[in-house]
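Structure record follows, encoded as structure tokens.
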Amino acid sequence: MPYPSVKVSKRDLNLAKKLLNVYAGEVSEDTSAHTYIFQSLIVEDKEISKILKNIGIVEMHHLDLLGLLIKNLGLIPFFASVEKEKIKWFSGKYINYERDLKELLLNNIALEKKAISNYENILKETSDIYIIHLIKRIILDERLHIEIFEKIYKQL
Ligand SMILES: [Fe+2]
């Protein structure tokens with residue numbers, strides 16, 4: 001299923017600030033991408049490592065889409081989030097460096113669930129049809145990621 005093109009109906013700095021949190025905040029595309037790439041490097045099973053890497057690449061694509069969306073809404077897509085009007089730079093500390101395969105899969109499922117709930121909150125805050133389509137498309141990927149992590153977990 002293709003991704004909708006990144007368009008906005010009008011500039012909206014408030015929404016752009018909220019999107020920064022799912023772009024490069026603690027629970028964000030940036031955190032997910034880094035987490036899965038880390039895991040692909042340390043997991044010994046070659047097949048599972050490859051799956052994790054590919055999911056990491058999908059998260060990187062989400063990062064790219066959100067970055068463009070934030071830019072179109074009127075903000076510079078810094079790798080940072082905004083908390084109480086203060087800039088919080090993205091940090092390697094956001095990544096969960098768990099190395100036990102079963103544990104890290106459970107952490108990934110929890111991370112994806114949080115991501116989906118954050119996106120659902122954003123959907124409530126905008127009526128921009130272009131943004132709604134894009135976010136809904138991203139949610140489909142996150143749901144698929146949960147399915148994949150659960151499938152691997154059950155096979156262990
Ligand atoms: Fe994502």
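Each chain of the structure tokens is named A, B, ... in the order shown, its residues numbered from 1; ligands are numbered from 1 in display order.
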Fewer than 4 positions away in the same chain doesn't count, so skip those; otherwise give me all residues within 8 Å of Leu134 (chain A), counting only C-alpha atoms, as a PyMOL selection string. chain A and resi 3-6+130+138
Just write the chosen residues, C-alpha atoms, as a short mmCIF file (atom, residue, chain, number, x, y, z; two decimals), in the first residue's frame.
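Just written: part-v8.cif:
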```
data_model
loop_
_atom_site.label_atom_id
_atom_site.label_comp_id
_atom_site.auth_asym_id
_atom_site.auth_seq_id
_atom_site.Cartn_x
_atom_site.Cartn_y
_atom_site.Cartn_z
CA TYR A 3 2.14 6.25 1.24
CA PRO A 4 0.04 9.36 0.59
CA SER A 5 2.02 12.41 -0.47
CA VAL A 6 3.09 14.74 2.30
CA TYR A 130 -3.82 15.12 4.25
CA ILE A 138 1.85 5.09 9.38
#
```
Excluding Ser117 (chain A) and residues on its chain fewer than 4 positions from it, collect all residues at most 12 Å away from it, counting only C-alpha atoms, and give them as a ChimeraX atom specification. /A:22,27-28,110-113,121-124,135-136,139,142-143
Using only C-alpha atoms, determine which residues lie at most 6 Å from region 57-70 of chain A, disregarding the query and same-chain residues fewer than 4 positions distant; provide the list as a ChimeraX atom specification. /A:16,23,29,33,75,77
Taking 3 positions as the minimum chain separation for residues in the same chain, which residues sit within 12 Å of Val43 (chain A) when counting only C-alpha atoms? Answer as a PyMOL selection string. chain A and resi 36-40+46-53+97-102+104-105
Given the selection you just returned, output its residues as a file containing N, CA and C atoms, formatted as a PDB file, in the first residue's frame.
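Now in result01.pdb:
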```
ATOM      1  N   TYR A  36      15.661  -0.432  16.646  1.00  0.00           N
ATOM      2  CA  TYR A  36      15.638  -1.642  15.808  1.00  0.00           C
ATOM      3  C   TYR A  36      16.964  -1.848  15.075  1.00  0.00           C
ATOM      4  N   ILE A  37      17.615  -0.777  14.704  1.00  0.00           N
ATOM      5  CA  ILE A  37      18.932  -0.937  14.071  1.00  0.00           C
ATOM      6  C   ILE A  37      19.924  -1.494  15.094  1.00  0.00           C
ATOM      7  N   PHE A  38      19.892  -0.981  16.332  1.00  0.00           N
ATOM      8  CA  PHE A  38      20.747  -1.529  17.395  1.00  0.00           C
ATOM      9  C   PHE A  38      20.497  -3.031  17.537  1.00  0.00           C
ATOM     10  N   GLN A  39      19.218  -3.399  17.626  1.00  0.00           N
ATOM     11  CA  GLN A  39      18.864  -4.809  17.826  1.00  0.00           C
ATOM     12  C   GLN A  39      19.337  -5.667  16.656  1.00  0.00           C
ATOM     13  N   SER A  40      19.219  -5.139  15.442  1.00  0.00           N
ATOM     14  CA  SER A  40      19.653  -5.922  14.277  1.00  0.00           C
ATOM     15  C   SER A  40      21.164  -6.178  14.344  1.00  0.00           C
ATOM     16  N   LYS A  46      20.388 -14.676  12.177  1.00  0.00           N
ATOM     17  CA  LYS A  46      20.530 -13.830  10.977  1.00  0.00           C
ATOM     18  C   LYS A  46      19.186 -13.398  10.403  1.00  0.00           C
ATOM     19  N   GLU A  47      18.226 -14.328  10.413  1.00  0.00           N
ATOM     20  CA  GLU A  47      16.924 -14.015   9.832  1.00  0.00           C
ATOM     21  C   GLU A  47      16.201 -12.945  10.666  1.00  0.00           C
ATOM     22  N   ILE A  48      16.229 -13.123  11.987  1.00  0.00           N
ATOM     23  CA  ILE A  48      15.557 -12.152  12.865  1.00  0.00           C
ATOM     24  C   ILE A  48      16.275 -10.795  12.787  1.00  0.00           C
ATOM     25  N   SER A  49      17.595 -10.846  12.718  1.00  0.00           N
ATOM     26  CA  SER A  49      18.378  -9.612  12.596  1.00  0.00           C
ATOM     27  C   SER A  49      17.970  -8.830  11.338  1.00  0.00           C
ATOM     28  N   LYS A  50      17.764  -9.556  10.255  1.00  0.00           N
ATOM     29  CA  LYS A  50      17.387  -8.908   8.996  1.00  0.00           C
ATOM     30  C   LYS A  50      15.986  -8.279   9.083  1.00  0.00           C
ATOM     31  N   ILE A  51      15.083  -9.006   9.742  1.00  0.00           N
ATOM     32  CA  ILE A  51      13.714  -8.479   9.913  1.00  0.00           C
ATOM     33  C   ILE A  51      13.769  -7.180  10.728  1.00  0.00           C
ATOM     34  N   LEU A  52      14.560  -7.204  11.812  1.00  0.00           N
ATOM     35  CA  LEU A  52      14.673  -6.007  12.667  1.00  0.00           C
ATOM     36  C   LEU A  52      15.254  -4.836  11.879  1.00  0.00           C
ATOM     37  N   LYS A  53      16.244  -5.132  11.064  1.00  0.00           N
ATOM     38  CA  LYS A  53      16.854  -4.073  10.259  1.00  0.00           C
ATOM     39  C   LYS A  53      15.837  -3.477   9.285  1.00  0.00           C
ATOM     40  N   TYR A  97      18.402  -0.600  25.392  1.00  0.00           N
ATOM     41  CA  TYR A  97      19.489  -1.447  24.899  1.00  0.00           C
ATOM     42  C   TYR A  97      19.402  -2.895  25.383  1.00  0.00           C
ATOM     43  N   GLU A  98      18.194  -3.326  25.722  1.00  0.00           N
ATOM     44  CA  GLU A  98      17.959  -4.720  26.120  1.00  0.00           C
ATOM     45  C   GLU A  98      18.541  -5.657  25.056  1.00  0.00           C
ATOM     46  N   ARG A  99      19.222  -6.733  25.522  1.00  0.00           N
ATOM     47  CA  ARG A  99      19.838  -7.648  24.559  1.00  0.00           C
ATOM     48  C   ARG A  99      19.249  -9.056  24.564  1.00  0.00           C
ATOM     49  N   ASP A 100      18.386  -9.321  25.536  1.00  0.00           N
ATOM     50  CA  ASP A 100      17.707 -10.625  25.543  1.00  0.00           C
ATOM     51  C   ASP A 100      16.584 -10.597  24.503  1.00  0.00           C
ATOM     52  N   LEU A 101      16.611 -11.569  23.595  1.00  0.00           N
ATOM     53  CA  LEU A 101      15.697 -11.521  22.448  1.00  0.00           C
ATOM     54  C   LEU A 101      14.222 -11.466  22.851  1.00  0.00           C
ATOM     55  N   LYS A 102      13.825 -12.321  23.799  1.00  0.00           N
ATOM     56  CA  LYS A 102      12.414 -12.320  24.200  1.00  0.00           C
ATOM     57  C   LYS A 102      12.033 -10.982  24.840  1.00  0.00           C
ATOM     58  N   LEU A 104      13.492  -8.056  24.476  1.00  0.00           N
ATOM     59  CA  LEU A 104      13.498  -6.902  23.564  1.00  0.00           C
ATOM     60  C   LEU A 104      12.274  -6.909  22.647  1.00  0.00           C
ATOM     61  N   LEU A 105      11.793  -8.119  22.327  1.00  0.00           N
ATOM     62  CA  LEU A 105      10.582  -8.184  21.503  1.00  0.00           C
ATOM     63  C   LEU A 105       9.377  -7.640  22.273  1.00  0.00           C
TER      64      LEU A 105
END
```
Got a sec to tell me which of chain A DSSP assigns to strand (DSSP E), as number ranges by chain? A: 80-83, 86-89
Those selected residues, please, written with N, CA and C atoms and delivered as a compact mmCIF listing (two decimals), in the first residue's frame.
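And here's selection34.txt as it stands now:
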```txt
# COMPACT_ATOMS: atom_id res chain seq x y z
N ALA A 80 14.54 16.94 17.73
CA ALA A 80 14.24 17.40 19.08
C ALA A 80 12.74 17.37 19.28
N SER A 81 12.33 17.48 20.54
CA SER A 81 10.91 17.59 20.84
C SER A 81 10.71 18.84 21.68
N VAL A 82 9.46 19.18 21.92
CA VAL A 82 9.18 20.38 22.71
C VAL A 82 8.37 19.99 23.94
N GLU A 83 8.91 20.29 25.10
CA GLU A 83 8.22 19.98 26.35
C GLU A 83 8.10 21.27 27.15
N LYS A 86 10.01 24.10 26.00
CA LYS A 86 11.47 23.98 26.00
C LYS A 86 11.91 22.91 25.00
N ILE A 87 13.03 23.17 24.33
CA ILE A 87 13.55 22.20 23.37
C ILE A 87 14.28 21.08 24.10
N LYS A 88 13.92 19.82 23.77
CA LYS A 88 14.59 18.66 24.34
C LYS A 88 15.22 17.90 23.19
N TRP A 89 16.53 17.94 23.11
CA TRP A 89 17.21 17.32 21.98
C TRP A 89 17.09 15.80 22.02
```
Separation of CA of Thr35 (chain A) from CA of Asn96 (chain A) in Å: 6.6 Å
Which one is closest to Ala24 (chain A): A:Ala115, A:Leu106, A:Lys7, A:Ile55? Count only C-alpha atoms.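 When distances to Ala24 (chain A) are compared using only C-alpha atoms, the smallest one comes from A:Ala115.
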Nearest to ligand 1 among A:Ile95, A:Leu73, A:Ile116, A:Leu41, with distances taken over only C-alpha atoms and all ligand atoms: which residue is it? A:Ile116
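Among the candidate residues A:Leu20, A:Ile109, A:Ile76, A:Leu13, the one lying nearest to Glu147 (chain A) is A:Ile109, with distances computed using only C-alpha atoms.
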Members of chain A assigned helix (DSSP H, G or I) by DSSP, as JSON, numbers by chain: {"A": [13, 14, 15, 16, 17, 18, 19, 20, 21, 22, 23, 24, 29, 30, 31, 32, 33, 34, 35, 36, 37, 38, 39, 40, 41, 42, 46, 47, 48, 49, 50, 51, 52, 53, 54, 55, 56, 57, 58, 59, 60, 61, 62, 63, 64, 65, 66, 67, 68, 69, 70, 71, 72, 73, 92, 93, 94, 101, 102, 103, 104, 105, 106, 107, 108, 109, 110, 111, 112, 113, 114, 115, 116, 117, 118, 119, 120, 121, 122, 123, 124, 129, 130, 131, 132, 133, 134, 135, 136, 137, 138, 139, 140, 141, 142, 143, 144, 145, 146, 147, 148, 149, 150, 151, 152, 153, 154, 155]}
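CA of Ile132 (chain A) is found 22.4 Å from CA of Phe79 (chain A).
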Of A:Asp45, A:Asn72, A:Asn118, A:Glu85, the one nearest to Leu156 (chain A) when counting only C-alpha atoms is A:Asp45
What's the separation between CA of Gly25 (chain A) and CA of Lys84 (chain A), in Å to one decimal place?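 For CA of Gly25 (chain A) relative to CA of Lys84 (chain A), the distance reads 13.1 Å.
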Which of these residues is nearest to ligand 1, using only C-alpha atoms and all ligand atoms: A:Gly56, A:Gly74, A:Pro2, A:Gly92?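 Comparing A:Gly56, A:Gly74, A:Pro2, A:Gly92 against ligand 1, the winner is A:Gly56.
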